[in-house]
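Listing of my_file32.cif; format and content: mmCIF, C-alpha atoms.
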data_model
#
loop_
_atom_site.group_PDB
_atom_site.id
_atom_site.type_symbol
_atom_site.label_atom_id
_atom_site.label_comp_id
_atom_site.auth_asym_id
_atom_site.auth_seq_id
_atom_site.Cartn_x
_atom_site.Cartn_y
_atom_site.Cartn_z
ATOM 1 C CA LEU A 126 -11.908 -14.419 2.930
ATOM 2 C CA ARG A 127 -12.568 -11.151 1.143
ATOM 3 C CA GLY A 128 -9.963 -8.665 0.119
ATOM 4 C CA GLU A 129 -8.354 -6.446 -2.439
ATOM 5 C CA ALA A 130 -4.877 -5.691 -3.738
ATOM 6 C CA VAL A 131 -3.486 -2.706 -5.635
ATOM 7 C CA LEU A 132 -0.193 -2.432 -7.494
ATOM 8 C CA PHE A 133 0.680 1.239 -8.029
ATOM 9 C CA TYR A 134 3.203 3.756 -9.305
ATOM 10 C CA ASP A 135 3.468 7.170 -7.639
ATOM 11 C CA HIS A 136 5.148 9.780 -9.869
ATOM 12 C CA ARG A 137 5.762 12.209 -6.989
ATOM 13 C CA LYS A 138 9.360 12.339 -5.820
ATOM 14 C CA ASP A 139 8.731 14.181 -2.533
ATOM 15 C CA GLY A 140 6.783 11.421 -0.729
ATOM 16 C CA LEU A 141 7.907 9.326 2.212
ATOM 17 C CA VAL A 142 10.093 6.965 0.145
ATOM 18 C CA GLY A 143 11.214 9.495 -2.472
ATOM 19 C CA GLY A 144 12.011 8.656 -6.067
ATOM 20 C CA LEU A 145 14.342 6.274 -7.873
ATOM 21 C CA ARG A 146 17.295 7.642 -9.807
ATOM 22 C CA GLY A 147 16.997 6.829 -13.501
ATOM 23 C CA ARG A 148 19.747 5.860 -15.965
ATOM 24 C CA GLY A 149 19.775 9.267 -17.679
ATOM 25 C CA GLY A 150 20.344 11.151 -14.422
ATOM 26 C CA GLY A 151 16.653 11.965 -13.983
ATOM 27 C CA MET A 152 14.324 10.804 -11.251
ATOM 28 C CA ILE A 153 11.280 8.579 -11.501
ATOM 29 C CA GLY A 154 8.699 7.974 -8.780
ATOM 30 C CA SER A 155 8.141 4.962 -6.528
ATOM 31 C CA PHE A 156 6.377 1.603 -6.887
ATOM 32 C CA GLY A 157 4.218 -0.141 -4.336
ATOM 33 C CA LEU A 158 1.767 -2.850 -3.403
ATOM 34 C CA ARG A 159 -1.156 -2.352 -1.013
ATOM 35 C CA GLY A 160 -3.630 -4.992 0.132
ATOM 36 C CA ARG A 161 -6.372 -5.745 2.624
ATOM 37 C CA VAL A 162 -8.094 -8.991 3.563
ATOM 38 C CA LEU A 163 -10.952 -9.553 6.000
ATOM 39 C CA LEU A 164 -10.430 -12.809 7.902
ATOM 40 C CA THR A 165 -13.874 -12.678 9.523
ATOM 41 C CA GLU A 166 -16.857 -10.431 8.791
ATOM 42 C CA ARG A 167 -15.295 -7.590 10.802
ATOM 43 C CA TRP A 168 -11.602 -8.352 11.493
ATOM 44 C CA GLY A 169 -8.769 -8.409 9.012
ATOM 45 C CA VAL A 170 -5.266 -7.242 8.155
ATOM 46 C CA ALA A 171 -3.884 -4.615 5.795
ATOM 47 C CA ALA A 172 -0.351 -4.391 4.420
ATOM 48 C CA GLU A 173 1.615 -2.000 2.234
ATOM 49 C CA ALA A 174 5.104 -2.097 0.741
ATOM 50 C CA GLN A 175 6.656 0.751 -1.251
ATOM 51 C CA ALA A 176 10.066 1.085 -2.931
ATOM 52 C CA GLY A 177 11.685 4.254 -4.192
ATOM 53 C CA GLY A 178 14.790 5.996 -2.858
ATOM 54 C CA ALA A 179 14.003 4.105 0.375
ATOM 55 C CA LEU A 180 11.974 1.033 1.339
ATOM 56 C CA MET A 181 8.843 1.232 3.472
ATOM 57 C CA GLY A 182 6.525 -1.438 4.847
ATOM 58 C CA ARG A 183 3.405 -1.340 7.004
ATOM 59 C CA LEU A 184 1.183 -3.987 8.583
ATOM 60 C CA ALA A 185 -2.081 -3.129 10.357
ATOM 61 C CA LEU A 186 -4.988 -4.841 12.113
ATOM 62 C CA VAL A 187 -8.335 -3.779 10.606
ATOM 63 C CA TYR A 188 -11.778 -3.629 12.235
ATOM 64 C CA ALA A 189 -14.571 -2.977 9.717
ATOM 65 C CA VAL A 190 -17.307 -0.964 11.416
ATOM 66 C CA GLY A 191 -20.540 -2.076 9.792
ATOM 67 C CA GLY A 192 -19.014 -5.155 8.162
ATOM 68 C CA ASP A 193 -17.477 -5.512 4.711
ATOM 69 C CA THR A 194 -17.583 -2.236 2.758
#
Please render this file's structure as structure tokens.
Amino acid sequence: LRGEAVLFYDHRKDGLVGGLRGRGGGMIGSFGLRGRVLLTERWGVAAEAQAGGALMGRLALVYAVGGDT
């Protein structure tokens, strides 16, 4: 198994999930987790979850053309 994971913060408030409302009445961005793992040399799965003003999730089947890059 080979893969990667990224935990991120997106300061933009106009994205797909929008921003979170802060305590002082202001807005902050959204938080998310993105990852990919190759189960064989060419096939794998990718997933993403993001939370802001809304929740979003995505799961995908991955085919690596040319192997692991």
_With all atoms listed in the file as the counted atoms, please give the residues lying no more than 10 Å from Ala176 in chain A, apart from itself and same-chain residues fewer than 5 positions off, as a PyMOL selection string._
chain A and resi 134+141-145+154-158+181-182
Take the selection from the previous step and output its residues with C-alpha atoms, as a CSV table (one decimal), in the coordinates of the input.
chain,number,residue,atom,x,y,z
A,134,TYR,CA,3.2,3.8,-9.3
A,141,LEU,CA,7.9,9.3,2.2
A,142,VAL,CA,10.1,7.0,0.1
A,143,GLY,CA,11.2,9.5,-2.5
A,144,GLY,CA,12.0,8.7,-6.1
A,145,LEU,CA,14.3,6.3,-7.9
A,154,GLY,CA,8.7,8.0,-8.8
A,155,SER,CA,8.1,5.0,-6.5
A,156,PHE,CA,6.4,1.6,-6.9
A,157,GLY,CA,4.2,-0.1,-4.3
A,158,LEU,CA,1.8,-2.8,-3.4
A,181,MET,CA,8.8,1.2,3.5
A,182,GLY,CA,6.5,-1.4,4.8
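Proximity ranking of A:Val190, A:Ala172, A:Val162, A:Ile153 relative to Leu126 in chain A places A:Val162 first, based on only C-alpha atoms.
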*Of the residues A:Asp135, A:Gly177, A:Ala185, A:Gly191, which is the one nearest to Gly147 in chain A, using all atoms listed in the file?*
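Closest candidate: A:Gly177.
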*asked:* Running the PyMOL selection byres ((chain A and resi 169) around 12) on this model by hand, what would come out? Give it as a PyMOL selection string.
replied: chain A and resi 126-129+160-168+170-172+184-190+192-193
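Between CA of Arg159 in chain A and CA of Phe133 in chain A the interatomic distance comes to 8.1 Å.
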*Quote the spacing between CA of Arg137 in chain A and CA of Ala179 in chain A in Å to one decimal place.*
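According to the coordinates, CA of Arg137 in chain A and CA of Ala179 in chain A are separated by 13.7 Å.
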Produce the centre coordinates and the three edge lengths, each in Å to one decimal, of the box along x, y and z that contains all listed atoms of range 135-147 of chain A with 8 Å added on each side, as lines of an AutoDock Vina configuration file.
center_x = 10.4
center_y = 10.2
center_z = -5.6
size_x = 29.8
size_y = 23.9
size_z = 31.7
*Which of A:Val131, A:Asp139, A:Gly151, A:Arg146 sits closest to Ala174 in chain A [using only C-alpha atoms]*: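 When distances to Ala174 in chain A are compared using only C-alpha atoms, the smallest one comes from A:Val131.
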Got a minute to add N, CA and C atoms to range 136-165 of chain A and dump it as an mmCIF file, in the coordinates of the input?
data_model
loop_
_atom_site.group_PDB
_atom_site.id
_atom_site.type_symbol
_atom_site.label_atom_id
_atom_site.label_comp_id
_atom_site.auth_asym_id
_atom_site.auth_seq_id
_atom_site.Cartn_x
_atom_site.Cartn_y
_atom_site.Cartn_z
ATOM 1 N N HIS A 136 4.174 8.960 -9.139
ATOM 2 C CA HIS A 136 5.148 9.780 -9.869
ATOM 3 C C HIS A 136 5.796 10.858 -9.002
ATOM 4 N N ARG A 137 5.182 11.174 -7.856
ATOM 5 C CA ARG A 137 5.762 12.209 -6.989
ATOM 6 C C ARG A 137 7.113 11.752 -6.438
ATOM 7 N N LYS A 138 8.021 12.662 -6.323
ATOM 8 C CA LYS A 138 9.360 12.339 -5.820
ATOM 9 C C LYS A 138 9.581 12.874 -4.402
ATOM 10 N N ASP A 139 8.581 13.565 -3.854
ATOM 11 C CA ASP A 139 8.731 14.181 -2.533
ATOM 12 C C ASP A 139 7.932 13.445 -1.452
ATOM 13 N N GLY A 140 7.525 12.198 -1.710
ATOM 14 C CA GLY A 140 6.783 11.421 -0.729
ATOM 15 C C GLY A 140 7.709 10.813 0.320
ATOM 16 N N LEU A 141 7.157 9.946 1.123
ATOM 17 C CA LEU A 141 7.907 9.326 2.212
ATOM 18 C C LEU A 141 9.119 8.538 1.713
ATOM 19 N N VAL A 142 8.972 7.781 0.635
ATOM 20 C CA VAL A 142 10.093 6.965 0.145
ATOM 21 C C VAL A 142 10.907 7.656 -0.933
ATOM 22 N N GLY A 143 10.459 8.776 -1.451
ATOM 23 C CA GLY A 143 11.214 9.495 -2.472
ATOM 24 C C GLY A 143 11.138 8.802 -3.820
ATOM 25 N N GLY A 144 12.011 9.205 -4.718
ATOM 26 C CA GLY A 144 12.011 8.656 -6.067
ATOM 27 C C GLY A 144 13.263 7.836 -6.346
ATOM 28 N N LEU A 145 13.194 7.069 -7.415
ATOM 29 C CA LEU A 145 14.342 6.274 -7.873
ATOM 30 C C LEU A 145 15.148 7.088 -8.881
ATOM 31 N N ARG A 146 16.448 6.952 -8.841
ATOM 32 C CA ARG A 146 17.295 7.642 -9.807
ATOM 33 C C ARG A 146 17.318 6.831 -11.095
ATOM 34 N N GLY A 147 17.030 7.494 -12.209
ATOM 35 C CA GLY A 147 16.997 6.829 -13.501
ATOM 36 C C GLY A 147 18.377 6.743 -14.138
ATOM 37 N N ARG A 148 18.469 6.028 -15.257
ATOM 38 C CA ARG A 148 19.747 5.860 -15.965
ATOM 39 C C ARG A 148 20.255 7.163 -16.564
ATOM 40 N N GLY A 149 19.368 8.023 -17.034
ATOM 41 C CA GLY A 149 19.775 9.267 -17.679
ATOM 42 C C GLY A 149 20.042 10.398 -16.705
ATOM 43 N N GLY A 150 20.106 10.120 -15.425
ATOM 44 C CA GLY A 150 20.344 11.151 -14.422
ATOM 45 C C GLY A 150 19.072 11.757 -13.869
ATOM 46 N N GLY A 151 17.926 11.443 -14.471
ATOM 47 C CA GLY A 151 16.653 11.965 -13.983
ATOM 48 C C GLY A 151 16.105 11.110 -12.847
ATOM 49 N N MET A 152 14.973 11.532 -12.341
ATOM 50 C CA MET A 152 14.324 10.804 -11.251
ATOM 51 C C MET A 152 12.969 10.298 -11.734
ATOM 52 N N ILE A 153 12.625 9.095 -11.301
ATOM 53 C CA ILE A 153 11.280 8.579 -11.501
ATOM 54 C C ILE A 153 10.659 8.389 -10.117
ATOM 55 N N GLY A 154 9.400 8.091 -10.059
ATOM 56 C CA GLY A 154 8.699 7.974 -8.780
ATOM 57 C C GLY A 154 8.981 6.666 -8.056
ATOM 58 N N SER A 155 7.996 6.181 -7.322
ATOM 59 C CA SER A 155 8.141 4.962 -6.528
ATOM 60 C C SER A 155 7.052 3.963 -6.920
ATOM 61 N N PHE A 156 7.295 2.696 -6.593
ATOM 62 C CA PHE A 156 6.377 1.603 -6.887
ATOM 63 C C PHE A 156 5.914 0.982 -5.577
ATOM 64 N N GLY A 157 4.701 0.444 -5.572
ATOM 65 C CA GLY A 157 4.218 -0.141 -4.336
ATOM 66 C C GLY A 157 3.121 -1.164 -4.545
ATOM 67 N N LEU A 158 2.818 -1.854 -3.456
ATOM 68 C CA LEU A 158 1.767 -2.850 -3.403
ATOM 69 C C LEU A 158 1.011 -2.643 -2.098
ATOM 70 N N ARG A 159 -0.312 -2.568 -2.186
ATOM 71 C CA ARG A 159 -1.156 -2.352 -1.013
ATOM 72 C C ARG A 159 -2.266 -3.394 -1.049
ATOM 73 N N GLY A 160 -2.576 -3.993 0.102
ATOM 74 C CA GLY A 160 -3.630 -4.992 0.132
ATOM 75 C C GLY A 160 -4.351 -5.028 1.464
ATOM 76 N N ARG A 161 -5.551 -5.600 1.421
ATOM 77 C CA ARG A 161 -6.372 -5.745 2.624
ATOM 78 C C ARG A 161 -7.166 -7.027 2.480
ATOM 79 N N VAL A 162 -7.279 -7.781 3.564
ATOM 80 C CA VAL A 162 -8.094 -8.991 3.563
ATOM 81 C C VAL A 162 -8.844 -9.059 4.892
ATOM 82 N N LEU A 163 -10.139 -9.357 4.802
ATOM 83 C CA LEU A 163 -10.952 -9.553 6.000
ATOM 84 C C LEU A 163 -10.967 -11.046 6.310
ATOM 85 N N LEU A 164 -10.514 -11.411 7.488
ATOM 86 C CA LEU A 164 -10.430 -12.809 7.902
ATOM 87 C C LEU A 164 -11.763 -13.302 8.461
ATOM 88 N N THR A 165 -12.511 -12.412 9.082
ATOM 89 C CA THR A 165 -13.874 -12.678 9.523
ATOM 90 C C THR A 165 -14.738 -11.576 8.916
#
